[in-house]
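Everything on this sheet refers to the single structure shown next.
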Amino acid sequence: MIIKNMTDAELSAVALIEQQSFSRPWSRESLRESLLSPANRFYVCEISGEIVGYIGLSIACDEGYILNVAVAPEHRGKGVGRALLSFVIEKHAQELSFITLEVRPSNTAAVSLYRGFGFEKVGERRDYYRDPTENAALFTKFF
């Protein structure tokens, strides 16, 4: 398992994972625009030459905002999401006062993962998600 900076070359693979993971996925062009933003950091996880997951982080001053975390369906439950989150925390903890993210409360695997890394529920965003409509739980890890 290799985690590395995402490049344009991985956009198609990441866009496919995005399509497989979310009811309202980002388009390839939206991913590309986000990748090009100087405030954002995107990382991919590669296994045997195949991109199997990615994570995006936006940095504003000393604040970190996880944009997305997604793992290809056939690689879920194998530690890819854990490895990506661990990588981002270790790489950016010294420069950030916190990292925050939104998650569907019904995504119990993700909620469990975040809690395991010390993220605490700090609030909700009403009707944040669509297809189906659901509140977003806000989780934050303070450094």
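Residue numbers start at 1 in each chain; chains themselves are named A, B, ... in the order of the structure tokens; ligands are numbered from 1 in the order shown.
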Name all residues at most 10 Å from A:Gln19 (count only C-alpha atoms; drop same-chain ones fewer than 5 positions away) and give them as a ChimeraX atom specification. /A:13-14,24-28,70,72
Please dump the current selection as a PDB file, in the first residue's frame; keep N, CA, C and O atoms.
```pdb
ATOM      1  N   ALA A  13      -9.238   7.571 -12.316  1.00  0.00           N
ATOM      2  CA  ALA A  13      -9.432   6.528 -11.307  1.00  0.00           C
ATOM      3  C   ALA A  13     -10.166   7.096 -10.093  1.00  0.00           C
ATOM      4  O   ALA A  13     -11.081   6.457  -9.554  1.00  0.00           O
ATOM      5  N   VAL A  14      -9.797   8.286  -9.668  1.00  0.00           N
ATOM      6  CA  VAL A  14     -10.446   8.916  -8.515  1.00  0.00           C
ATOM      7  C   VAL A  14     -11.899   9.260  -8.852  1.00  0.00           C
ATOM      8  O   VAL A  14     -12.797   9.051  -8.025  1.00  0.00           O
ATOM      9  N   ARG A  24     -24.204  11.809  -4.808  1.00  0.00           N
ATOM     10  CA  ARG A  24     -24.001  13.049  -5.575  1.00  0.00           C
ATOM     11  C   ARG A  24     -22.495  13.284  -5.721  1.00  0.00           C
ATOM     12  O   ARG A  24     -21.917  14.144  -5.043  1.00  0.00           O
ATOM     13  N   PRO A  25     -21.868  12.510  -6.583  1.00  0.00           N
ATOM     14  CA  PRO A  25     -20.404  12.589  -6.713  1.00  0.00           C
ATOM     15  C   PRO A  25     -19.933  13.868  -7.390  1.00  0.00           C
ATOM     16  O   PRO A  25     -20.650  14.474  -8.178  1.00  0.00           O
ATOM     17  N   TRP A  26     -18.696  14.227  -7.065  1.00  0.00           N
ATOM     18  CA  TRP A  26     -18.046  15.321  -7.764  1.00  0.00           C
ATOM     19  C   TRP A  26     -17.738  14.848  -9.180  1.00  0.00           C
ATOM     20  O   TRP A  26     -17.410  13.680  -9.399  1.00  0.00           O
ATOM     21  N   SER A  27     -17.794  15.753 -10.122  1.00  0.00           N
ATOM     22  CA  SER A  27     -17.409  15.431 -11.501  1.00  0.00           C
ATOM     23  C   SER A  27     -15.882  15.383 -11.595  1.00  0.00           C
ATOM     24  O   SER A  27     -15.175  15.889 -10.716  1.00  0.00           O
ATOM     25  N   ARG A  28     -15.406  14.798 -12.668  1.00  0.00           N
ATOM     26  CA  ARG A  28     -13.953  14.763 -12.907  1.00  0.00           C
ATOM     27  C   ARG A  28     -13.406  16.190 -12.949  1.00  0.00           C
ATOM     28  O   ARG A  28     -12.341  16.474 -12.414  1.00  0.00           O
ATOM     29  N   ALA A  70     -12.744   8.439   0.067  1.00  0.00           N
ATOM     30  CA  ALA A  70     -13.488   7.379  -0.616  1.00  0.00           C
ATOM     31  C   ALA A  70     -12.548   6.229  -0.953  1.00  0.00           C
ATOM     32  O   ALA A  70     -11.376   6.435  -1.277  1.00  0.00           O
ATOM     33  N   ALA A  72     -12.528   2.430  -3.169  1.00  0.00           N
ATOM     34  CA  ALA A  72     -13.203   1.588  -4.156  1.00  0.00           C
ATOM     35  C   ALA A  72     -13.946   0.465  -3.437  1.00  0.00           C
ATOM     36  O   ALA A  72     -13.427  -0.100  -2.468  1.00  0.00           O
TER      37      ALA A  72
END
```
If you count only C-alpha atoms, which residues fall within 12 Å of A:Ala9, apart from same-chain ones fewer than 3 positions away, as a PyMOL selection string? chain A and resi 5-6+12-15+28+32+35+44+50-51
Using only C-alpha atoms, can you tell me which of A:Asp62, A:Glu74, A:Asp127, A:Glu120 comes closest to A:Ser97?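 That would be A:Asp62, the residue with the smallest distance to A:Ser97.
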May I have the residues within 7 Å of A:Leu101 as a PDB file with N, CA and C atoms, in the first residue's frame, using only C-alpha atoms and disregarding those fewer than 4 positions away in the same chain?
```
ATOM      1  N   TYR A  65      -9.835  20.937   6.680  1.00  0.00           N
ATOM      2  CA  TYR A  65     -11.183  20.485   6.341  1.00  0.00           C
ATOM      3  C   TYR A  65     -11.079  19.311   5.371  1.00  0.00           C
ATOM      4  N   ILE A  66     -11.495  18.131   5.824  1.00  0.00           N
ATOM      5  CA  ILE A  66     -11.498  16.968   4.938  1.00  0.00           C
ATOM      6  C   ILE A  66     -12.611  17.183   3.919  1.00  0.00           C
ATOM      7  N   LEU A 138     -21.036  16.715  12.151  1.00  0.00           N
ATOM      8  CA  LEU A 138     -19.739  17.394  12.080  1.00  0.00           C
ATOM      9  C   LEU A 138     -18.823  16.774  13.125  1.00  0.00           C
ATOM     10  N   PHE A 139     -17.674  16.299  12.676  1.00  0.00           N
ATOM     11  CA  PHE A 139     -16.679  15.708  13.572  1.00  0.00           C
ATOM     12  C   PHE A 139     -15.392  16.495  13.460  1.00  0.00           C
ATOM     13  N   THR A 140     -14.744  16.725  14.593  1.00  0.00           N
ATOM     14  CA  THR A 140     -13.505  17.492  14.627  1.00  0.00           C
ATOM     15  C   THR A 140     -12.486  16.782  15.509  1.00  0.00           C
TER      16      THR A 140
END
```
Compile the contact shell of A:His92 as a VMD selection string: residues with an atom at most 12 Å away, counting only C-alpha atoms, same-chain residues fewer than 6 positions apart removed. chain A and resid 41 57 to 59 62 to 66 85 to 86 98 to 99 143
Which residue out of A:Gly53, A:Pro105, A:Leu31, A:Gln94 has the minimum interatomic distance to A:Ala136 when only C-alpha atoms are used?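 The closest residue to A:Ala136 is A:Pro105.
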Would you pick out the contacts of A:His75 at 12 Å or less, using only C-alpha atoms, so that residues sharing its chain but fewer than 2 positions from it are not included, and give the list as a ChimeraX atom specification? /A:1,17,20-21,45-47,50-54,70-73,77-82
Among stretch 17-134 of chain A, which residues does DSSP mark as strand (DSSP E or B) when it is run on the backbone? Keep the chain and numbering as in the structure and answer as a ChimeraX atom specification. /A:40-47,50-60,63-71,98-103,120-129,134
Give me, as a PyMOL selection string, the residues of stretch 24-129 of chain A that a backbone DSSP run labels helix (DSSP H, G or I). chain A and resi 28-36+73-75+80-95+108-116
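Using only C-alpha atoms, the smallest distance between any of A:Phe87, A:Phe42, A:Glu134, A:Arg125 and A:Arg104 comes from A:Glu134.
Of note, atom CA of A:Thr108 and atom CA of A:Glu18 are spaced 18.8 Å apart.
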Measuring atom to atom with only C-alpha atoms, identify which of A:Asp131, A:Ile89, A:Tyr43, A:Phe142 is nearest to A:Ser23.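 Among A:Asp131, A:Ile89, A:Tyr43, A:Phe142, it is A:Asp131 that comes nearest to A:Ser23.
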